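> Contents of data-v3.txt (compact mmCIF, C-alpha atoms):
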```
# COMPACT_ATOMS: atom_id res chain seq x y z
CA MET A 25 -15.29 -1.21 -6.24
CA LEU A 26 -13.44 -4.51 -5.86
CA VAL A 27 -16.52 -6.48 -4.77
CA LEU A 28 -18.64 -4.73 -7.38
CA THR A 29 -16.18 -5.76 -10.09
CA ILE A 30 -16.11 -9.35 -8.83
CA GLY A 31 -19.89 -9.60 -8.73
CA LEU A 32 -20.45 -8.09 -12.17
CA ASN A 33 -17.91 -10.50 -13.66
CA VAL A 34 -19.42 -13.54 -11.95
CA LEU A 35 -23.05 -12.71 -12.71
CA GLY A 36 -22.12 -11.69 -16.24
CA LYS A 37 -20.24 -14.99 -16.69
CA SER A 38 -17.15 -13.17 -17.91
CA PRO A 39 -14.38 -15.47 -19.20
CA ALA A 40 -11.78 -12.89 -18.17
CA ALA A 41 -12.86 -12.29 -14.56
CA ALA A 42 -9.39 -12.87 -13.11
CA TYR A 43 -7.87 -10.23 -15.39
CA SER A 44 -10.69 -7.76 -14.76
CA VAL A 45 -10.50 -8.05 -10.98
CA GLY A 46 -6.70 -7.93 -11.02
CA ALA A 47 -6.76 -4.79 -13.14
CA CYS A 48 -9.32 -3.24 -10.80
CA LEU A 49 -7.08 -3.80 -7.78
CA MET A 50 -4.06 -2.47 -9.65
CA CYS A 51 -5.84 0.72 -10.74
CA MET A 52 -7.25 1.40 -7.28
CA ALA A 53 -3.86 0.78 -5.67
CA TYR A 54 -2.22 3.41 -7.86
CA ALA A 55 -5.16 5.79 -7.48
CA VAL A 56 -5.39 5.96 -3.68
CA CYS A 57 -2.07 4.69 -2.37
CA ASP A 58 -0.94 8.17 -1.40
CA VAL A 59 -4.30 8.82 0.27
CA SER A 60 -4.97 5.70 2.35
CA GLY A 61 -2.16 3.29 1.58
CA ALA A 62 -4.55 1.34 -0.69
CA HIS A 63 -5.93 -0.84 2.09
CA PHE A 64 -8.80 -2.88 0.63
CA ASN A 65 -8.19 -6.17 2.41
CA PRO A 66 -8.34 -6.87 6.19
CA SER A 67 -5.78 -9.67 5.82
CA VAL A 68 -3.31 -7.31 4.18
CA THR A 69 -4.01 -4.56 6.70
CA LEU A 70 -3.39 -6.99 9.56
CA ALA A 71 -0.19 -8.23 7.91
CA VAL A 72 1.10 -4.66 7.60
CA PHE A 73 0.28 -4.04 11.26
CA LEU A 74 2.04 -7.22 12.38
CA SER A 75 5.07 -6.41 10.25
CA GLY A 76 5.81 -3.44 12.49
CA ARG A 77 6.33 -1.15 9.49
CA CYS A 78 3.36 1.14 10.09
CA PRO A 79 4.14 4.87 9.81
CA GLU A 80 2.19 5.79 12.96
CA LYS A 81 4.34 6.69 15.93
CA THR A 82 2.35 4.94 18.68
CA PRO A 83 0.88 1.39 18.89
CA GLN A 84 -2.43 2.83 20.09
CA ARG A 85 -2.81 5.01 17.03
CA THR A 86 -1.81 2.14 14.75
CA LYS A 87 -4.41 -0.21 16.28
CA ALA A 88 -7.12 2.43 16.03
CA LYS A 89 -6.34 3.04 12.37
CA MET A 90 -6.30 -0.70 11.65
CA CYS A 91 -9.74 -1.15 13.25
CA MET A 92 -11.04 1.82 11.26
CA TYR A 93 -9.78 0.23 8.05
CA PHE A 94 -11.44 -3.08 8.96
CA GLY A 95 -14.80 -1.38 9.42
CA VAL A 96 -14.60 0.64 6.22
CA GLN A 97 -13.46 -2.38 4.19
CA ILE A 98 -16.38 -4.53 5.35
CA VAL A 99 -19.00 -1.82 4.90
CA ALA A 100 -17.67 -1.00 1.42
CA ALA A 101 -17.71 -4.70 0.48
CA VAL A 102 -21.33 -5.11 1.58
CA LEU A 103 -22.37 -1.99 -0.34
CA GLY A 104 -20.52 -3.24 -3.41
CA ALA A 105 -22.29 -6.60 -3.18
CA PHE A 106 -25.75 -5.06 -2.97
CA THR A 107 -24.85 -2.80 -5.89
CA TYR A 108 -24.06 -5.68 -8.26
CA SER A 109 -27.14 -7.48 -6.96
CA THR A 110 -29.26 -4.44 -7.81
CA VAL A 111 -27.71 -4.16 -11.27
CA TYR A 112 -28.68 -7.79 -11.96
CA GLY A 113 -32.19 -7.48 -10.55
CA GLY A 114 -31.51 -9.12 -7.21
CA GLY A 115 -29.01 -11.61 -8.53
CA SER A 116 -26.36 -13.08 -6.24
CA PHE A 117 -24.12 -16.11 -6.03
CA ARG A 118 -22.96 -18.57 -3.43
CA LEU A 119 -19.61 -18.37 -1.70
CA GLY A 120 -18.32 -21.91 -1.28
CA PRO A 121 -16.68 -24.97 -2.81
CA GLY A 122 -16.52 -25.30 -6.58
CA PHE A 123 -15.93 -28.57 -8.42
CA VAL A 124 -14.56 -30.26 -5.27
CA GLY A 125 -18.13 -30.65 -4.06
CA GLU A 126 -18.74 -29.91 -0.40
CA ALA A 127 -15.18 -30.65 0.77
CA TRP A 128 -13.95 -27.66 2.75
CA SER A 129 -10.34 -28.70 3.33
CA PRO A 130 -9.29 -27.95 -0.28
CA ILE A 131 -10.92 -24.53 0.15
CA ALA A 132 -8.81 -23.83 3.22
CA LEU A 133 -5.58 -24.93 1.55
CA ALA A 134 -6.16 -22.97 -1.66
CA GLU A 135 -7.39 -19.79 0.02
CA PHE A 136 -4.57 -19.90 2.56
CA ALA A 137 -1.86 -20.36 -0.07
CA PHE A 138 -2.92 -17.52 -2.35
CA THR A 139 -3.94 -15.12 0.41
CA PHE A 140 -0.49 -15.72 1.90
CA LEU A 141 1.03 -14.96 -1.50
CA LEU A 142 -0.92 -11.72 -1.83
CA CYS A 143 -0.09 -10.49 1.68
CA TYR A 144 3.58 -11.41 1.40
CA VAL A 145 3.98 -9.70 -1.97
CA VAL A 146 2.22 -6.55 -0.72
CA LEU A 147 4.58 -6.38 2.25
CA CYS A 148 7.63 -6.89 0.04
CA VAL A 149 6.77 -4.21 -2.50
CA THR A 150 5.22 -1.58 -0.22
CA VAL A 151 6.72 -1.53 3.29
CA SER A 152 10.16 -3.11 3.01
CA LYS A 153 13.05 -0.65 2.74
CA THR A 154 15.03 -3.33 0.90
CA THR A 155 12.54 -4.54 -1.73
CA LYS A 156 10.02 -1.68 -1.88
CA ASN A 157 9.03 -0.78 -5.44
CA PRO A 158 7.14 2.54 -5.71
CA SER A 159 6.46 2.15 -9.43
CA MET A 160 5.51 -1.53 -9.74
CA PHE A 161 3.69 -2.26 -6.47
CA GLY A 162 0.22 -1.94 -8.02
CA LEU A 163 1.07 -4.23 -10.90
CA SER A 164 2.48 -6.80 -8.46
CA MET A 165 -0.68 -6.75 -6.37
CA GLY A 166 -2.95 -7.04 -9.38
CA ALA A 167 -0.87 -9.88 -10.78
CA CYS A 168 -1.37 -11.85 -7.55
CA ILE A 169 -5.14 -11.59 -8.02
CA THR A 170 -4.89 -12.63 -11.67
CA VAL A 171 -2.75 -15.64 -10.79
CA ALA A 172 -5.11 -16.70 -8.01
CA GLY A 173 -8.22 -16.20 -10.11
CA ASN A 174 -6.88 -18.44 -12.86
CA ALA A 175 -5.42 -21.02 -10.47
CA ILE A 176 -8.17 -21.49 -7.89
CA GLY A 177 -11.13 -19.50 -9.19
CA SER A 178 -13.05 -22.66 -10.06
CA ILE A 179 -12.26 -24.19 -6.67
CA THR A 180 -12.85 -21.39 -4.17
CA GLY A 181 -13.79 -18.33 -6.19
CA ALA A 182 -10.42 -16.84 -5.20
CA SER A 183 -11.73 -14.46 -2.56
CA LEU A 184 -8.39 -13.90 -0.73
CA ASN A 185 -10.10 -11.16 1.26
CA PRO A 186 -12.34 -11.38 4.37
CA ALA A 187 -14.21 -8.24 3.32
CA VAL A 188 -14.94 -9.76 -0.10
CA SER A 189 -16.09 -13.01 1.53
CA LEU A 190 -18.42 -11.18 3.92
CA GLY A 191 -19.74 -8.88 1.20
CA ILE A 192 -20.62 -11.72 -1.18
CA ALA A 193 -22.29 -13.68 1.61
CA ALA A 194 -24.22 -10.66 2.90
CA CYS A 195 -26.44 -10.34 -0.16
CA HIS A 196 -26.94 -14.08 -0.77
CA ARG A 197 -29.50 -16.42 0.74
CA ALA A 198 -28.60 -17.37 4.31
CA SER A 199 -30.34 -20.72 3.82
CA GLU A 200 -27.48 -21.83 1.56
CA GLY A 201 -24.89 -21.49 4.30
CA SER A 202 -23.51 -18.16 3.17
CA LEU A 203 -22.74 -16.98 6.71
CA PHE A 204 -20.80 -20.15 7.54
CA ALA A 205 -18.89 -19.88 4.28
CA ALA A 206 -17.99 -16.24 4.92
CA LEU A 207 -16.74 -16.97 8.43
CA TYR A 208 -14.78 -20.02 7.24
CA TYR A 209 -13.14 -18.13 4.39
CA SER A 210 -12.41 -15.12 6.59
CA LEU A 211 -10.75 -17.20 9.29
CA VAL A 212 -8.47 -18.90 6.78
CA GLU A 213 -7.64 -15.60 5.07
CA ILE A 214 -6.85 -13.83 8.34
CA LEU A 215 -4.61 -16.74 9.36
CA ALA A 216 -2.80 -16.44 6.03
CA GLY A 217 -2.19 -12.74 6.66
CA VAL A 218 -0.73 -13.49 10.09
CA CYS A 219 1.58 -16.15 8.68
CA ALA A 220 2.64 -13.89 5.80
CA ALA A 221 3.62 -11.16 8.27
CA HIS A 222 5.76 -13.57 10.29
CA ALA A 223 7.37 -14.94 7.14
CA PHE A 224 8.07 -11.41 5.94
CA ASN A 225 9.63 -10.42 9.26
CA THR A 226 11.93 -13.43 8.93
CA THR A 227 12.99 -12.91 5.32
CA HIS A 228 13.24 -9.12 5.63
CA ALA A 229 14.86 -8.83 9.03
CA LEU A 230 17.61 -6.89 7.26
CA ASP A 231 15.28 -3.87 7.16
CA LEU A 232 15.23 -3.60 10.93
CA GLN A 233 18.92 -4.45 11.27
CA GLU A 234 19.80 -1.52 9.00
CA GLU A 235 17.72 0.82 11.18
CA GLU A 236 19.54 -0.37 14.29
CA THR A 237 22.91 0.04 12.55
CA ILE A 238 22.16 3.60 11.46
CA GLY A 239 20.69 4.50 14.85
CA PRO A 240 19.93 8.01 16.09
CA PRO A 241 22.35 10.84 15.33
CA SER A 242 25.12 11.32 17.85
CA SER A 243 24.84 14.26 20.22
CA ALA A 244 28.61 14.60 20.44
```
Once more with this new file: its structure as structure tokens, please.


Amino acid sequence: MLVLTIGLNVLGKSPAAAYSVGACLMCMAYAVCDVSGAHFNPSVTLAVFLSGRCPEKTPQRTKAKMCMYFGVQIVAAVLGAFTYSTVYGGGSFRLGPGFVGEAWSPIALAEFAFTFLLCYVVLCVTVSKTTKNPSMFGLSMGACITVAGNAIGSITGASLNPAVSLGIAACHRASEGSLFAALYYSLVEILAGVCAAHAFNTTHALDLQEEETIGPPSSA
């Protein structure tokens, strides 16, 4: 649904794409959070895993679930991309630099900064015992997308999501470097998720300290 919304906005030349995509993420987050945790982004899923706040009891089960999410996210993104392409009679669009020409370093900086923001905010409002907000988490996540879309949409397209990057590239012409762009974006976005998790673990170390202080109940 996220990639479908992005594609329909881009191909339809919507002037409010950032708000539409942000609202889509917010609605989906509230709709399926209690079902799947609202994992639509491999970078966010990886950040949650690295934060050590996963509900699964064993590392093996956590890794398996993370890999399952990765697969579903990518497949769903590709299906969403071919859906908007079908709606527009085979239409697609290029993933790559905007007005900065063919310079890729601004892409990396912009995508890293706002993917980091998204991952960090998601961790703060969903998995932290100190700053978790059960009622406003969806709005916070959607607002991050809206901010990014308005700030860097004309530079990078504001993907912020490896699945989105791969989905957009999958239905576009390979001759225009779509595969390279998808891999480049994805690498930067994954790196941002890793850094966001480490930053979160530093700023929210109090969560784990409180668990250690409470400790298991005494048997005495």

> Return the single residue from A:Ala55, A:Val218, A:Leu207, A:Val68 that is closest to Phe94 in chain A, with distances computed using all atoms listed in the file.

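For Phe94 in chain A, the nearest of the given residues is A:Val68.
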
> How would you write as a ChimeraX atom specification the residues that get within 12 Å of (-4.8, 2.1, 12.1) in the file's frame, counting only C-alpha atoms?

/A:60-61,63,66,69-70,72-74,76-96

> Restricting the calculation to all atoms listed in the file, which member of A:Ala132, A:Leu163, A:Ile169, A:Leu28 is positioned closest to Ala105 in chain A?

A:Leu28

> Considering only C-alpha atoms, state which residue in the set A:Ser164, A:Thr107, A:Ser44, A:Thr180 is at the smallest distance from Ala206 in chain A.

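Closest candidate: A:Thr180.
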
> Quick one: residues within 10 Å of Met160 in chain A, all atoms listed in the file counted, chain neighbours fewer than 5 positions away excluded, as an NGL selection string?

:A and (50 or 54 or 149-150 or 165)

> Just checking: using all atoms listed in the file, which residue out of A:Leu26, A:Cys148, A:Leu103, A:Ala134 ends up closest to Tyr209 in chain A?

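Once distances to Tyr209 in chain A are computed over all atoms listed in the file, the minimum belongs to A:Ala134.
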
> Which is closer to Val45 in chain A than all the others in A:Ala182, A:Cys143, A:Leu190, A:Cys195, using all atoms listed in the file?

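Smallest separation from Val45 in chain A among the options: A:Ala182.
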
> Figure out the distance between CA of Ile214 in chain A and CA of Thr139 in chain A, please, to one decimal in Å.

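Answer for the CA of Thr139 in chain A to CA of Ile214 in chain A separation: 8.5 Å.
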
> Please tell me which residues are no farther than 9 Å from (-2.0, -16.9, 1.1) in the file, counting all atoms listed in the file, and write them as a compact mmCIF listing (two decimals) with C-alpha atoms, in the frame of the given file.


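Here's the written file result.txt:
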```
# COMPACT_ATOMS: atom_id res chain seq x y z
CA LEU A 133 -5.58 -24.93 1.55
CA ALA A 134 -6.16 -22.97 -1.66
CA GLU A 135 -7.39 -19.79 0.02
CA PHE A 136 -4.57 -19.90 2.56
CA ALA A 137 -1.86 -20.36 -0.07
CA PHE A 138 -2.92 -17.52 -2.35
CA THR A 139 -3.94 -15.12 0.41
CA PHE A 140 -0.49 -15.72 1.90
CA LEU A 141 1.03 -14.96 -1.50
CA LEU A 142 -0.92 -11.72 -1.83
CA CYS A 143 -0.09 -10.49 1.68
CA TYR A 144 3.58 -11.41 1.40
CA LEU A 184 -8.39 -13.90 -0.73
CA VAL A 212 -8.47 -18.90 6.78
CA GLU A 213 -7.64 -15.60 5.07
CA LEU A 215 -4.61 -16.74 9.36
CA ALA A 216 -2.80 -16.44 6.03
CA GLY A 217 -2.19 -12.74 6.66
CA CYS A 219 1.58 -16.15 8.68
CA ALA A 220 2.64 -13.89 5.80
```

> How many Å separate CA of Asn157 in chain A from CA of Asp231 in chain A?

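Distance reported for this atom pair: 14.4 Å.
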
> For Ala193 in chain A, which of A:Tyr112, A:Phe117, A:Trp128, A:Phe64 is the closest residue, counting all atoms listed in the file?

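Of A:Tyr112, A:Phe117, A:Trp128, A:Phe64, the one nearest Ala193 in chain A, counting all atoms listed in the file, is A:Phe117.
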
> For CA of Gly31 in chain A and CA of Val146 in chain A, quote the distance in Å rounded to one decimal.

23.7 Å

> Output, as lines of an AutoDock Vina configuration file, the centre and edge lengths in Å (one decimal) of the axis-aligned box that contains all listed atoms of range 66-69 of chain A with 8 Å of margin on each side.


```
center_x = -5.8
center_y = -7.1
center_z = 5.4
size_x = 21.0
size_y = 21.1
size_z = 18.5
```

> Skip Ala41 in chain A itself and residues of its chain fewer than 6 positions away, then list as a VMD selection string all residues within 10 Å of it, counting all atoms listed in the file.

chain A and resid 29 to 34 47 170 173 to 174 177

> How would range 127-153 of chain A read, as an mmCIF file, in the frame of the given file, once N, CA, C and O atoms are built in?


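Everything below was put into part-v5.cif:
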```
data_model
loop_
_atom_site.group_PDB
_atom_site.id
_atom_site.type_symbol
_atom_site.label_atom_id
_atom_site.label_comp_id
_atom_site.auth_asym_id
_atom_site.auth_seq_id
_atom_site.Cartn_x
_atom_site.Cartn_y
_atom_site.Cartn_z
ATOM 1 N N ALA A 127 -16.395 -30.468 -0.034
ATOM 2 C CA ALA A 127 -15.180 -30.650 0.770
ATOM 3 C C ALA A 127 -14.584 -29.275 1.081
ATOM 4 O O ALA A 127 -14.258 -28.513 0.177
ATOM 5 N N TRP A 128 -14.427 -28.981 2.364
ATOM 6 C CA TRP A 128 -13.950 -27.660 2.750
ATOM 7 C C TRP A 128 -12.436 -27.598 2.953
ATOM 8 O O TRP A 128 -11.858 -26.520 2.947
ATOM 9 N N SER A 129 -11.787 -28.731 3.127
ATOM 10 C CA SER A 129 -10.340 -28.700 3.330
ATOM 11 C C SER A 129 -9.583 -28.180 2.106
ATOM 12 O O SER A 129 -8.615 -27.414 2.262
ATOM 13 N N PRO A 130 -9.973 -28.553 0.883
ATOM 14 C CA PRO A 130 -9.290 -27.950 -0.280
ATOM 15 C C PRO A 130 -9.496 -26.438 -0.345
ATOM 16 O O PRO A 130 -8.595 -25.709 -0.781
ATOM 17 N N ILE A 131 -10.657 -25.968 0.103
ATOM 18 C CA ILE A 131 -10.920 -24.530 0.150
ATOM 19 C C ILE A 131 -9.901 -23.845 1.055
ATOM 20 O O ILE A 131 -9.297 -22.830 0.707
ATOM 21 N N ALA A 132 -9.728 -24.422 2.246
ATOM 22 C CA ALA A 132 -8.810 -23.830 3.220
ATOM 23 C C ALA A 132 -7.394 -23.770 2.671
ATOM 24 O O ALA A 132 -6.710 -22.746 2.785
ATOM 25 N N LEU A 133 -6.947 -24.869 2.068
ATOM 26 C CA LEU A 133 -5.580 -24.930 1.550
ATOM 27 C C LEU A 133 -5.363 -23.920 0.424
ATOM 28 O O LEU A 133 -4.373 -23.177 0.413
ATOM 29 N N ALA A 134 -6.307 -23.870 -0.516
ATOM 30 C CA ALA A 134 -6.160 -22.970 -1.660
ATOM 31 C C ALA A 134 -6.248 -21.508 -1.245
ATOM 32 O O ALA A 134 -5.423 -20.679 -1.655
ATOM 33 N N GLU A 135 -7.237 -21.169 -0.419
ATOM 34 C CA GLU A 135 -7.390 -19.790 0.020
ATOM 35 C C GLU A 135 -6.196 -19.344 0.871
ATOM 36 O O GLU A 135 -5.725 -18.209 0.762
ATOM 37 N N PHE A 136 -5.720 -20.239 1.725
ATOM 38 C CA PHE A 136 -4.570 -19.900 2.560
ATOM 39 C C PHE A 136 -3.345 -19.609 1.701
ATOM 40 O O PHE A 136 -2.655 -18.601 1.889
ATOM 41 N N ALA A 137 -3.069 -20.492 0.742
ATOM 42 C CA ALA A 137 -1.860 -20.360 -0.070
ATOM 43 C C ALA A 137 -1.830 -19.044 -0.847
ATOM 44 O O ALA A 137 -0.820 -18.325 -0.837
ATOM 45 N N PHE A 138 -2.940 -18.706 -1.489
ATOM 46 C CA PHE A 138 -2.920 -17.520 -2.350
ATOM 47 C C PHE A 138 -3.176 -16.229 -1.586
ATOM 48 O O PHE A 138 -2.738 -15.158 -2.027
ATOM 49 N N THR A 139 -3.848 -16.310 -0.441
ATOM 50 C CA THR A 139 -3.940 -15.120 0.410
ATOM 51 C C THR A 139 -2.578 -14.824 1.019
ATOM 52 O O THR A 139 -2.166 -13.661 1.124
ATOM 53 N N PHE A 140 -1.868 -15.874 1.414
ATOM 54 C CA PHE A 140 -0.490 -15.720 1.900
ATOM 55 C C PHE A 140 0.369 -15.056 0.841
ATOM 56 O O PHE A 140 1.118 -14.116 1.131
ATOM 57 N N LEU A 141 0.256 -15.537 -0.395
ATOM 58 C CA LEU A 141 1.030 -14.960 -1.500
ATOM 59 C C LEU A 141 0.741 -13.470 -1.651
ATOM 60 O O LEU A 141 1.664 -12.651 -1.739
ATOM 61 N N LEU A 142 -0.533 -13.124 -1.656
ATOM 62 C CA LEU A 142 -0.920 -11.720 -1.830
ATOM 63 C C LEU A 142 -0.357 -10.850 -0.702
ATOM 64 O O LEU A 142 0.256 -9.806 -0.954
ATOM 65 N N CYS A 143 -0.549 -11.284 0.538
ATOM 66 C CA CYS A 143 -0.090 -10.490 1.680
ATOM 67 C C CYS A 143 1.428 -10.356 1.692
ATOM 68 O O CYS A 143 1.968 -9.272 1.955
ATOM 69 N N TYR A 144 2.110 -11.431 1.392
ATOM 70 C CA TYR A 144 3.580 -11.410 1.400
ATOM 71 C C TYR A 144 4.111 -10.480 0.315
ATOM 72 O O TYR A 144 5.032 -9.683 0.548
ATOM 73 N N VAL A 145 3.534 -10.561 -0.866
ATOM 74 C CA VAL A 145 3.980 -9.700 -1.970
ATOM 75 C C VAL A 145 3.716 -8.228 -1.643
ATOM 76 O O VAL A 145 4.572 -7.361 -1.878
ATOM 77 N N VAL A 146 2.531 -7.941 -1.088
ATOM 78 C CA VAL A 146 2.220 -6.550 -0.720
ATOM 79 C C VAL A 146 3.242 -6.022 0.271
ATOM 80 O O VAL A 146 3.740 -4.895 0.131
ATOM 81 N N LEU A 147 3.583 -6.802 1.271
ATOM 82 C CA LEU A 147 4.580 -6.380 2.250
ATOM 83 C C LEU A 147 5.930 -6.121 1.584
ATOM 84 O O LEU A 147 6.602 -5.130 1.871
ATOM 85 N N CYS A 148 6.319 -7.007 0.695
ATOM 86 C CA CYS A 148 7.630 -6.890 0.040
ATOM 87 C C CYS A 148 7.735 -5.634 -0.821
ATOM 88 O O CYS A 148 8.775 -4.968 -0.836
ATOM 89 N N VAL A 149 6.666 -5.302 -1.537
ATOM 90 C CA VAL A 149 6.770 -4.210 -2.500
ATOM 91 C C VAL A 149 6.281 -2.862 -1.968
ATOM 92 O O VAL A 149 6.400 -1.848 -2.656
ATOM 93 N N THR A 150 5.741 -2.854 -0.731
ATOM 94 C CA THR A 150 5.220 -1.580 -0.220
ATOM 95 C C THR A 150 5.869 -1.104 1.076
ATOM 96 O O THR A 150 6.025 0.113 1.262
ATOM 97 N N VAL A 151 6.228 -1.996 1.991
ATOM 98 C CA VAL A 151 6.720 -1.530 3.290
ATOM 99 C C VAL A 151 8.176 -1.877 3.575
ATOM 100 O O VAL A 151 8.764 -1.342 4.516
ATOM 101 N N SER A 152 8.762 -2.757 2.784
ATOM 102 C CA SER A 152 10.160 -3.110 3.010
ATOM 103 C C SER A 152 11.092 -2.052 2.439
ATOM 104 O O SER A 152 10.949 -1.633 1.287
ATOM 105 N N LYS A 153 12.069 -1.614 3.228
ATOM 106 C CA LYS A 153 13.050 -0.650 2.740
ATOM 107 C C LYS A 153 14.006 -1.290 1.728
ATOM 108 O O LYS A 153 14.623 -0.603 0.931
#
```
